[in-house]
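Shown below: protein-v7.txt, with compact mmCIF, C-alpha atoms and all ligand atoms.
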# COMPACT_ATOMS: atom_id res chain seq x y z
CA MET A 1 0.00 0.00 0.00
CA SER A 2 1.51 3.35 -1.00
CA ALA A 3 1.40 6.33 1.31
CA SER A 4 -1.42 7.91 -0.67
CA GLU A 5 -3.57 4.79 -0.22
CA THR A 6 -3.07 4.53 3.53
CA PRO A 7 -6.33 5.48 5.23
CA ARG A 8 -5.75 8.75 7.00
CA LYS A 9 -6.59 9.29 10.61
CA PRO A 10 -8.94 12.23 10.40
CA ARG A 11 -7.64 15.43 11.93
CA GLY A 12 -9.56 18.49 12.96
CA ARG A 13 -13.21 18.68 13.82
CA GLN A 14 -15.58 16.40 11.96
CA PHE A 15 -18.11 18.31 9.89
CA PHE A 16 -21.29 16.55 10.82
CA ALA A 17 -23.87 17.43 8.19
CA ASN A 18 -26.52 14.79 8.90
CA PRO A 19 -30.16 15.74 9.26
CA GLY A 20 -30.39 14.00 12.61
CA PRO A 21 -28.87 13.36 14.95
CA THR A 22 -27.38 16.84 14.78
CA ASN A 23 -24.46 18.76 16.27
CA ILE A 24 -24.74 19.31 20.01
CA PRO A 25 -23.58 22.74 21.23
CA ASP A 26 -20.71 22.52 23.71
CA SER A 27 -22.78 24.20 26.42
CA VAL A 28 -25.52 21.58 25.99
CA LEU A 29 -22.98 18.76 26.12
CA LEU A 30 -21.54 20.15 29.32
CA ALA A 31 -24.97 20.65 30.86
CA THR A 32 -25.90 17.05 30.02
CA ALA A 33 -22.87 15.76 31.95
CA HIS A 34 -24.70 16.16 35.22
CA GLN A 35 -24.35 13.92 38.23
CA THR A 36 -27.26 11.66 39.13
CA VAL A 37 -30.07 13.30 41.03
CA ASP A 38 -33.29 12.04 42.54
CA PHE A 39 -35.97 12.88 39.99
CA ASN A 40 -38.21 14.03 42.85
CA ASP A 41 -35.55 16.36 44.22
CA PRO A 42 -37.10 19.85 44.47
CA ASN A 43 -34.15 21.40 42.63
CA PHE A 44 -34.61 18.99 39.75
CA LEU A 45 -38.37 19.51 39.70
CA GLU A 46 -37.74 23.20 39.13
CA VAL A 47 -35.55 22.41 36.13
CA TYR A 48 -38.08 19.88 34.89
CA ASP A 49 -41.04 22.23 35.10
CA SER A 50 -39.17 25.01 33.34
CA CYS A 51 -38.19 22.58 30.55
CA VAL A 52 -41.77 21.48 29.98
CA ALA A 53 -42.85 25.14 29.90
CA GLY A 54 -40.06 25.93 27.40
CA LEU A 55 -40.95 22.95 25.25
CA LYS A 56 -44.52 24.21 25.07
CA GLN A 57 -43.17 27.56 23.88
CA VAL A 58 -41.25 25.88 21.07
CA LEU A 59 -44.31 23.80 20.12
CA ARG A 60 -46.45 26.92 20.52
CA THR A 61 -49.00 25.09 22.58
CA GLU A 62 -50.73 25.62 25.87
CA HIS A 63 -51.96 22.05 25.99
CA GLU A 64 -50.60 18.83 27.47
CA VAL A 65 -47.12 17.49 26.60
CA PHE A 66 -46.14 13.89 27.40
CA LEU A 67 -42.51 12.81 27.34
CA TYR A 68 -40.90 9.38 26.86
CA THR A 69 -37.48 7.83 27.15
CA GLY A 70 -37.14 6.60 23.58
CA SER A 71 -36.40 8.04 20.13
CA GLY A 72 -38.98 9.55 17.78
CA HIS A 73 -40.41 6.13 16.95
CA ALA A 74 -41.48 5.80 20.59
CA ALA A 75 -43.48 9.03 20.36
CA TRP A 76 -45.04 7.87 17.06
CA GLU A 77 -46.19 4.70 18.80
CA ALA A 78 -47.29 6.51 21.96
CA THR A 79 -49.39 8.88 19.90
CA LEU A 80 -51.17 6.14 17.97
CA VAL A 81 -51.85 3.84 20.95
CA ASN A 82 -53.18 6.66 23.10
CA LEU A 83 -55.64 7.95 20.52
CA LEU A 84 -56.93 4.96 18.59
CA SER A 85 -58.63 1.59 18.92
CA PRO A 86 -58.03 -1.70 17.09
CA GLY A 87 -59.27 -1.68 13.50
CA GLU A 88 -59.79 2.07 13.30
CA THR A 89 -58.77 3.91 10.15
CA VAL A 90 -55.99 6.44 9.79
CA LEU A 91 -55.30 8.48 6.67
CA ILE A 92 -51.59 8.97 6.04
CA LEU A 93 -50.29 11.57 3.60
CA GLU A 94 -47.42 10.00 1.71
CA SER A 95 -44.28 12.10 1.80
CA GLY A 96 -41.43 9.60 1.72
CA TYR A 97 -39.60 7.12 3.89
CA PHE A 98 -40.93 8.51 7.18
CA SER A 99 -44.62 8.61 6.19
CA ASP A 100 -44.26 5.03 4.99
CA SER A 101 -42.60 3.94 8.24
CA TRP A 102 -45.34 5.58 10.31
CA ALA A 103 -47.93 3.81 8.11
CA GLN A 104 -46.15 0.47 8.63
CA MET A 105 -46.22 1.04 12.38
CA ALA A 106 -49.94 1.87 12.30
CA GLN A 107 -50.59 -1.33 10.38
CA ASP A 108 -48.50 -3.39 12.82
CA LEU A 109 -50.54 -1.92 15.69
CA GLY A 110 -53.74 -3.22 14.11
CA LEU A 111 -54.98 -0.04 12.49
CA GLU A 112 -56.50 0.25 9.03
CA VAL A 113 -54.25 2.44 6.89
CA ARG A 114 -55.39 4.56 3.96
CA MET A 115 -52.68 6.42 2.09
CA VAL A 116 -52.94 9.55 0.01
CA ALA A 117 -50.29 8.58 -2.51
CA ALA A 118 -47.77 11.17 -3.65
CA ASP A 119 -44.80 11.59 -5.93
CA TRP A 120 -41.86 11.92 -3.50
CA ARG A 121 -40.25 14.65 -5.62
CA ARG A 122 -43.36 16.81 -6.04
CA GLY A 123 -45.21 16.22 -2.80
CA VAL A 124 -48.76 15.35 -1.92
CA ASP A 125 -51.55 17.06 -3.86
CA LEU A 126 -53.90 18.77 -1.43
CA GLY A 127 -56.73 18.19 -3.89
CA ALA A 128 -56.20 14.47 -3.35
CA VAL A 129 -56.35 15.01 0.42
CA ARG A 130 -59.65 16.90 0.04
CA ALA A 131 -60.98 14.11 -2.19
CA ALA A 132 -60.02 11.41 0.33
CA LEU A 133 -61.87 13.30 3.06
CA ALA A 134 -64.89 13.93 0.85
CA ASP A 135 -65.02 10.22 -0.09
CA ASP A 136 -65.17 9.30 3.58
CA THR A 137 -68.90 9.96 3.95
CA ALA A 138 -69.10 7.44 6.81
CA GLN A 139 -66.35 9.40 8.62
CA ALA A 140 -64.38 6.23 9.25
CA ILE A 141 -61.09 8.13 9.27
CA ARG A 142 -60.21 8.81 12.90
CA ALA A 143 -56.88 10.54 12.36
CA VAL A 144 -54.98 12.19 9.53
CA CYS A 145 -51.21 11.72 9.91
CA VAL A 146 -48.81 14.17 8.32
CA VAL A 147 -45.02 14.31 8.42
CA HIS A 148 -44.50 18.07 8.51
CA ASN A 149 -40.94 17.87 7.25
CA GLU A 150 -40.01 14.71 5.33
CA THR A 151 -36.39 14.21 6.28
CA ALA A 152 -35.81 11.67 3.50
CA THR A 153 -36.70 14.01 0.63
CA GLY A 154 -36.21 17.53 1.99
CA MET A 155 -39.82 18.56 1.55
CA THR A 156 -42.45 20.03 3.84
CA ILE A 157 -46.24 19.71 3.83
CA PRO A 158 -48.21 22.91 4.61
CA LEU A 159 -50.08 21.93 7.76
CA PRO A 160 -52.46 24.93 7.78
CA GLU A 161 -53.69 23.77 4.37
CA VAL A 162 -54.32 20.26 5.67
CA ARG A 163 -56.21 21.78 8.60
CA ALA A 164 -58.24 23.87 6.14
CA ALA A 165 -59.08 20.74 4.13
CA LEU A 166 -60.43 19.03 7.26
CA ASP A 167 -62.43 22.11 8.24
CA ALA A 168 -63.84 22.60 4.75
CA ALA A 169 -64.97 18.97 4.68
CA GLY A 170 -66.43 19.30 8.16
CA HIS A 171 -64.47 16.13 8.95
CA PRO A 172 -63.98 15.36 12.67
CA ALA A 173 -60.72 13.35 12.28
CA LEU A 174 -57.82 14.26 14.54
CA LEU A 175 -54.87 15.95 12.86
CA LEU A 176 -51.59 14.30 13.89
CA SER A 177 -48.27 15.74 12.81
CA ASP A 178 -44.71 14.52 13.01
CA THR A 179 -42.55 17.55 13.75
CA ILE A 180 -39.40 15.58 14.50
CA SER A 181 -37.18 17.33 11.92
CA SER A 182 -39.02 20.66 11.86
CA LEU A 183 -39.39 21.62 15.51
CA GLY A 184 -36.92 24.29 16.53
CA SER A 185 -35.91 24.75 12.87
CA LEU A 186 -39.02 25.65 10.88
CA ASP A 187 -42.07 27.68 11.82
CA TYR A 188 -44.39 25.39 13.79
CA ARG A 189 -47.56 26.44 15.59
CA MET A 190 -49.41 23.57 17.17
CA ASP A 191 -52.39 25.45 18.60
CA GLU A 192 -52.78 28.06 15.86
CA TRP A 193 -52.72 25.38 13.16
CA GLY A 194 -55.22 23.19 14.97
CA ILE A 195 -52.86 20.24 15.43
CA ASP A 196 -54.38 17.64 17.77
CA ALA A 197 -51.20 15.72 18.47
CA CYS A 198 -47.65 16.39 17.43
CA VAL A 199 -44.64 14.16 17.71
CA GLY A 200 -41.17 15.51 18.47
CA GLY A 201 -37.74 14.14 19.31
CA SER A 202 -34.60 15.32 21.05
CA GLN A 203 -31.85 14.82 18.48
CA LYS A 204 -32.78 17.15 15.65
CA GLY A 205 -33.62 20.84 16.04
CA LEU A 206 -33.45 20.62 19.83
CA MET A 207 -29.71 19.79 19.55
CA LEU A 208 -29.72 17.07 22.22
CA PRO A 209 -28.52 13.47 22.23
CA THR A 210 -30.93 10.84 20.89
CA GLY A 211 -33.24 9.14 23.34
CA MET A 212 -36.05 11.40 24.42
CA SER A 213 -39.27 12.17 22.56
CA PHE A 214 -42.63 13.70 23.30
CA THR A 215 -46.18 14.37 22.15
CA GLY A 216 -48.14 17.62 22.39
CA VAL A 217 -51.83 16.84 22.82
CA SER A 218 -54.86 19.10 22.23
CA ALA A 219 -58.00 19.07 24.40
CA LYS A 220 -59.88 17.32 21.60
CA ALA A 221 -57.21 14.62 21.45
CA MET A 222 -57.31 14.18 25.25
CA GLN A 223 -61.02 13.54 24.82
CA ALA A 224 -60.34 10.91 22.13
CA HIS A 225 -57.73 9.36 24.43
CA GLN A 226 -60.44 8.53 26.98
CA SER A 227 -62.04 6.00 24.63
CA SER A 228 -58.93 4.60 22.89
CA ARG A 229 -58.52 0.86 23.30
CA LEU A 230 -55.16 -0.02 21.75
CA PRO A 231 -53.00 -1.73 24.42
CA LYS A 232 -50.59 0.56 26.24
CA HIS A 233 -48.74 0.66 29.50
CA TYR A 234 -45.43 2.52 29.40
CA PHE A 235 -46.96 5.04 27.00
CA ASN A 236 -50.31 5.43 28.78
CA TRP A 237 -51.13 9.15 29.11
CA THR A 238 -53.72 8.53 31.82
CA LYS A 239 -51.09 6.78 33.95
CA MET A 240 -48.74 9.68 33.30
CA LEU A 241 -51.26 12.29 34.40
CA GLY A 242 -51.37 10.59 37.79
CA ARG A 243 -47.67 11.15 38.35
CA ARG A 244 -45.88 14.25 39.60
CA HIS A 245 -44.07 14.68 36.30
CA ARG A 246 -47.23 14.14 34.24
CA SER A 247 -44.99 11.99 31.99
CA PHE A 248 -42.59 9.03 32.19
CA VAL A 249 -43.98 5.78 33.52
CA GLY A 250 -40.68 4.87 35.21
CA THR A 251 -37.44 6.69 35.90
CA VAL A 252 -37.11 10.20 34.49
CA PRO A 253 -33.94 10.63 32.37
CA THR A 254 -32.72 13.56 34.45
CA SER A 255 -29.55 14.39 32.52
CA PHE A 256 -31.61 15.09 29.39
CA PHE A 257 -33.36 17.87 31.25
CA TYR A 258 -30.15 19.66 32.17
CA GLY A 259 -29.28 19.55 28.46
CA LEU A 260 -32.79 20.56 27.41
CA GLN A 261 -32.76 23.48 29.82
CA GLU A 262 -29.62 24.76 28.13
CA SER A 263 -30.83 24.17 24.56
CA LEU A 264 -34.09 25.97 25.38
CA ARG A 265 -32.09 28.83 26.86
CA LEU A 266 -30.06 29.06 23.62
CA MET A 267 -33.16 28.93 21.42
CA LEU A 268 -35.66 30.99 23.36
CA ARG A 269 -33.52 33.50 25.23
CA GLU A 270 -30.07 33.83 23.68
CA GLU A 271 -31.04 33.68 19.98
CA GLY A 272 -34.84 33.86 19.95
CA LEU A 273 -37.12 31.41 18.13
CA GLU A 274 -37.77 33.77 15.22
CA GLN A 275 -34.06 34.25 14.66
CA VAL A 276 -33.50 30.50 14.90
CA ILE A 277 -36.05 29.97 12.13
CA ALA A 278 -34.61 32.82 10.04
CA ARG A 279 -31.10 31.35 10.38
CA HIS A 280 -32.33 27.97 9.14
CA ALA A 281 -34.00 29.64 6.15
CA ARG A 282 -30.83 31.59 5.33
CA LEU A 283 -28.51 28.59 5.51
CA ALA A 284 -30.96 26.43 3.56
CA ARG A 285 -31.05 28.96 0.72
CA ALA A 286 -27.27 28.82 0.53
CA VAL A 287 -27.29 25.02 0.30
CA ARG A 288 -29.93 25.04 -2.43
CA ALA A 289 -28.06 27.70 -4.39
CA ALA A 290 -24.96 25.50 -4.37
CA VAL A 291 -26.84 22.39 -5.46
CA GLN A 292 -28.71 24.26 -8.19
CA HIS A 293 -25.40 25.53 -9.47
CA TRP A 294 -23.80 22.06 -9.40
CA SER A 295 -26.67 20.72 -11.47
CA GLY A 296 -25.07 22.32 -14.55
CA ASN A 297 -22.93 19.91 -16.64
CA ASP A 298 -25.46 17.15 -15.81
CA GLY A 299 -24.46 17.32 -12.17
CA PRO A 300 -26.43 16.39 -9.07
CA GLN A 301 -29.73 18.18 -8.51
CA LEU A 302 -32.25 19.02 -5.83
CA PHE A 303 -34.42 15.98 -5.18
CA CYS A 304 -37.35 18.21 -4.27
CA LEU A 305 -39.02 19.62 -7.38
CA ASN A 306 -41.55 21.78 -5.54
CA PRO A 307 -39.98 25.14 -4.57
CA ALA A 308 -42.97 26.12 -2.41
CA ARG A 309 -42.21 23.13 -0.20
CA TYR A 310 -38.42 23.18 0.04
CA SER A 311 -37.31 22.13 3.50
CA ASP A 312 -35.18 24.60 5.42
CA SER A 313 -33.72 21.87 7.64
CA VAL A 314 -32.53 19.26 5.15
CA THR A 315 -31.68 19.10 1.45
CA ALA A 316 -31.71 15.81 -0.45
CA VAL A 317 -29.36 15.81 -3.43
CA LEU A 318 -30.02 13.43 -6.33
CA MET A 319 -26.84 12.05 -7.90
CA PRO A 320 -26.38 11.97 -11.66
CA GLU A 321 -27.24 8.63 -13.29
CA GLY A 322 -24.44 6.10 -12.88
CA HIS A 323 -22.88 7.72 -9.80
CA ASP A 324 -23.34 6.23 -6.35
CA ALA A 325 -24.22 8.59 -3.50
CA ASP A 326 -22.92 6.17 -0.87
CA ALA A 327 -19.50 5.91 -2.56
CA LEU A 328 -19.27 9.70 -2.55
CA ARG A 329 -20.31 9.84 1.12
CA ALA A 330 -17.82 7.17 2.11
CA MET A 331 -15.02 9.01 0.37
CA ALA A 332 -16.01 12.38 1.88
CA LEU A 333 -15.95 10.77 5.31
CA GLN A 334 -12.69 8.92 4.92
CA ARG A 335 -10.66 11.61 3.20
CA PHE A 336 -12.18 14.80 4.54
CA ASN A 337 -13.95 13.83 7.76
CA LEU A 338 -17.27 15.10 6.43
CA SER A 339 -20.32 13.08 7.45
CA LEU A 340 -23.30 13.39 5.10
CA GLY A 341 -26.72 11.76 5.38
CA GLY A 342 -27.52 8.80 3.13
CA GLY A 343 -30.56 8.09 0.98
CA LEU A 344 -33.33 6.25 2.84
CA GLY A 345 -35.35 3.30 1.55
CA PRO A 346 -35.61 3.34 -2.26
CA LEU A 347 -33.38 6.44 -2.37
CA GLY A 348 -30.37 4.50 -1.00
CA GLY A 349 -27.32 5.12 -3.20
CA LYS A 350 -29.25 7.62 -5.33
CA VAL A 351 -29.44 10.50 -2.89
CA PHE A 352 -27.24 12.05 -0.26
CA ARG A 353 -28.60 14.50 2.27
CA ILE A 354 -27.14 17.65 3.74
CA GLY A 355 -28.61 18.32 7.16
CA HIS A 356 -28.76 22.02 7.95
CA LEU A 357 -30.60 22.09 11.23
CA GLY A 358 -29.64 22.75 14.77
CA ASP A 359 -26.34 24.25 15.91
CA LEU A 360 -25.04 25.61 12.59
CA ASN A 361 -23.60 28.79 11.16
CA GLU A 362 -22.29 30.10 7.84
CA PRO A 363 -18.72 28.76 8.18
CA MET A 364 -20.02 25.27 8.95
CA ILE A 365 -22.39 25.30 5.96
CA LEU A 366 -19.73 26.74 3.64
CA GLY A 367 -17.20 24.19 4.87
CA THR A 368 -19.67 21.41 4.13
CA LEU A 369 -20.53 22.74 0.68
CA ALA A 370 -16.89 23.29 -0.25
CA THR A 371 -16.04 19.77 0.88
CA VAL A 372 -18.94 18.23 -1.07
CA GLU A 373 -17.66 20.05 -4.15
CA LEU A 374 -14.12 18.85 -3.44
CA ALA A 375 -15.36 15.28 -3.01
CA MET A 376 -17.23 15.45 -6.32
CA ARG A 377 -14.11 16.73 -8.03
CA VAL A 378 -11.99 13.93 -6.56
CA ALA A 379 -14.60 11.27 -7.37
CA GLY A 380 -15.14 12.49 -10.92
CA VAL A 381 -18.82 13.23 -10.37
CA PRO A 382 -19.92 15.66 -13.10
CA HIS A 383 -20.99 19.07 -11.83
CA ALA A 384 -20.67 22.76 -12.61
CA PRO A 385 -17.82 24.03 -10.40
CA GLY A 386 -18.53 27.13 -8.34
CA GLY A 387 -21.44 26.01 -6.17
CA VAL A 388 -19.76 27.56 -3.16
CA ASP A 389 -19.65 30.95 -4.91
CA ALA A 390 -23.37 30.63 -5.59
CA ALA A 391 -23.90 29.96 -1.88
CA LEU A 392 -21.73 32.94 -0.94
CA ALA A 393 -23.87 35.18 -3.14
CA THR A 394 -26.99 34.27 -1.16
CA LEU A 395 -25.26 34.88 2.18
CA ALA A 396 -23.41 38.13 1.47
C1 LIG B 1 -35.74 11.17 12.56
C2 LIG B 1 -37.16 11.10 12.20
C3 LIG B 1 -38.02 10.13 12.71
C4 LIG B 1 -37.57 8.97 13.53
O1 LIG B 1 -37.13 9.34 14.75
P1 LIG B 1 -36.12 8.43 15.59
O2 LIG B 1 -35.71 9.37 16.65
O3 LIG B 1 -35.02 8.06 14.64
O4 LIG B 1 -36.88 7.27 16.08
C5 LIG B 1 -39.35 10.21 12.38
N1 LIG B 1 -39.82 11.17 11.59
C6 LIG B 1 -39.02 12.10 11.04
C7 LIG B 1 -39.60 13.13 10.13
C8 LIG B 1 -37.67 12.10 11.33
O5 LIG B 1 -36.87 13.02 10.79

Now, as a test, write the supplied structure out as C-alpha cells.
Ligand SMILES: *Cc1c(COP(=O)(O)O)cnc(C)c1O
Amino acid sequence: MSASETPRKPRGRQFFANPGPTNIPDSVLLATAHQTVDFNDPNFLEVYDSCVAGLKQVLRTEHEVFLYTGSGHAAWEATLVNLLSPGETVLILESGYFSDSWAQMAQDLGLEVRMVAADWRRGVDLGAVRAALADDTAQAIRAVCVVHNETATGMTIPLPEVRAALDAAGHPALLLSDTISSLGSLDYRMDEWGIDACVGGSQKGLMLPTGMSFTGVSAKAMQAHQSSRLPKHYFNWTKMLGRRHRSFVGTVPTSFFYGLQESLRLMLREEGLEQVIARHARLARAVRAAVQHWSGNDGPQLFCLNPARYSDSVTAVLMPEGHDADALRAMALQRFNLSLGGGLGPLGGKVFRIGHLGDLNEPMILGTLATVELAMRVAGVPHAPGGVDAALATLA
C-alpha cells in the first residue's frame, strides 16, 4: 500500500452534516454531563417544570405534553396507541420514507391504513387530500397523519392547508403531525394550526442526544384518548397524568433535562425562536443555491421539485445517473472527515442529504458545501464548479 492509499486518521473537527442526529452545542454537552439526582428532588423539579414550559413555547402550545425515554419512533407509537382503537382507520399523507414507516407502524398496531399517494419529488396534492376526506362519507377516518418535514426528501407539507381541508370537509378526524425534523428549525404552531397531536424528538432541532421524545396533545385529542382501546402501559397518558411529572412511567432521564434546559435557553432566550427559524431559512437557501449551481454539466440536482415546499432543515441531493451517493459519502468521510446523510429506503445510493438544522452557522455550511464540491471533483462526479460561490452570493 503506497502512502497515498493509507487510510488517513482524520484530523480536525468532523463536519457533521446529517439531518439527525445533529451537532450538540458545547454548552448543551456540558450541561448534560450532570451527576445523578433524585428525579423528585425539588431542585430537579424546578428544572423539569421550566423545561416542559419551554418545550410548550417551542411547540407553541398551551396544551398537554407527554414525554418518553425513547427516540422519535417511541413518540409515534405513543401517539397512535393513546388515541386509537383496534381496526380504526388512519389516513396517512405520503411524503417519503418517514410517512411510509409511520404507516407500517400503524398497520403493525392493528390499524387500518389509507394512504394519500404522492410523488416523493413533487409532494402530496392537497386536492387528493380533500378528495379522500370527501369520499369518507361514513367518517371512518379517525386521524390524519402528516409528516410536517419529510427528512428523507427535503420537503415540507403545509399543515395549515391540511387543517383547512379538514375544516372545509367538516371532517372530525384528529390531525396528527410529526414535527421531529421541523421543531426548533421551521415555523411550527401547534395550537394556531389546529394540530391535535404532534410528535417531536430530542436529536434534531433541539440539539440534544438521541433518546427522548414527546407528544403535544390538544383538548380534543385528550377527549379521544379517553375512549382509545389499543393496548398501552409505558406510554399510557392517563397513567402519566397521575404522576408528579405528568410523563414518564418509570425513571425520568434527568440528565436530558439539564441539556434541554440549556438548549431551550439558547433557542428561546439567547437567539430567539424567530431568529432560529430565520437562520435555518438563510442557511438552507445557501445550500440550495450551491446544489442548483452544481446541477449544470449534468451534475447532481435538488431531489425536491416543488420550490414552495423546500425544506429549510434538510436538502436531499439526487446524484447523476451512474454515480453512487454512498460511494461519494464514504469518500467524503474517509478523506475529509465530512459526514453526510444517506438516501433512505428506495433512495439509498441515489441520494445524499445535507442536514442544515440545529447548531449551525455560515462557516459550517460553507465548509460542508466546499467539501462536497471537493469530493465530487476527486470522485469524478460531473458538476458545474462554483457552487460555493453561488452559496456565498446568497449569504453576502
Ligand atoms: C428522525 C425522524 C423520525 C424517527 O425518529 P427516531 O428518533 O429516529 O426514532 C421520524 N420522523 C421524522 C420526520 C424524522 O426526521

When you look at Leu45 (chain A) with a cut-off of 12 Å (counting only C-alpha atoms), what residues show up, excluding the ones that are within fewer than 6 positions of it in the same chain? I need them as number ranges by chain. A: 37-39, 51-52, 244-246, 252, 254, 257-258

Leu266 (chain A) environment, 12 Å, only C-alpha atoms, sequence neighbours closer than 5 positions dropped, as a PyMOL selection string: chain A and resi 24-28+54+58+184+205-207+259-261+271-273+275-276+358-359

Given a cut-off of 9 Å, what residues near ligand LIG 1 (chain B) show up using only C-alpha atoms and all ligand atoms, put as an NGL selection string? :A and (19-21 or 70-76 or 97-99 or 101-102 or 147-152 or 178-182 or 199-204 or 210-213)

Identify which of the residues A:Thr137, A:Thr156, A:Ser50, A:Thr238 lies closest to Val81 (chain A), counting all atoms listed in the file when measuring atom-to-atom distances.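 Closest candidate: A:Thr238.
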
Name the closest residue to Gly194 (chain A) among the candidates A:Ser313, A:Leu347, A:Leu208, A:Ala165; distances are taken between atoms, counting all atoms listed in the file.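 Among A:Ser313, A:Leu347, A:Leu208, A:Ala165, it is A:Ala165 that comes nearest to Gly194 (chain A).
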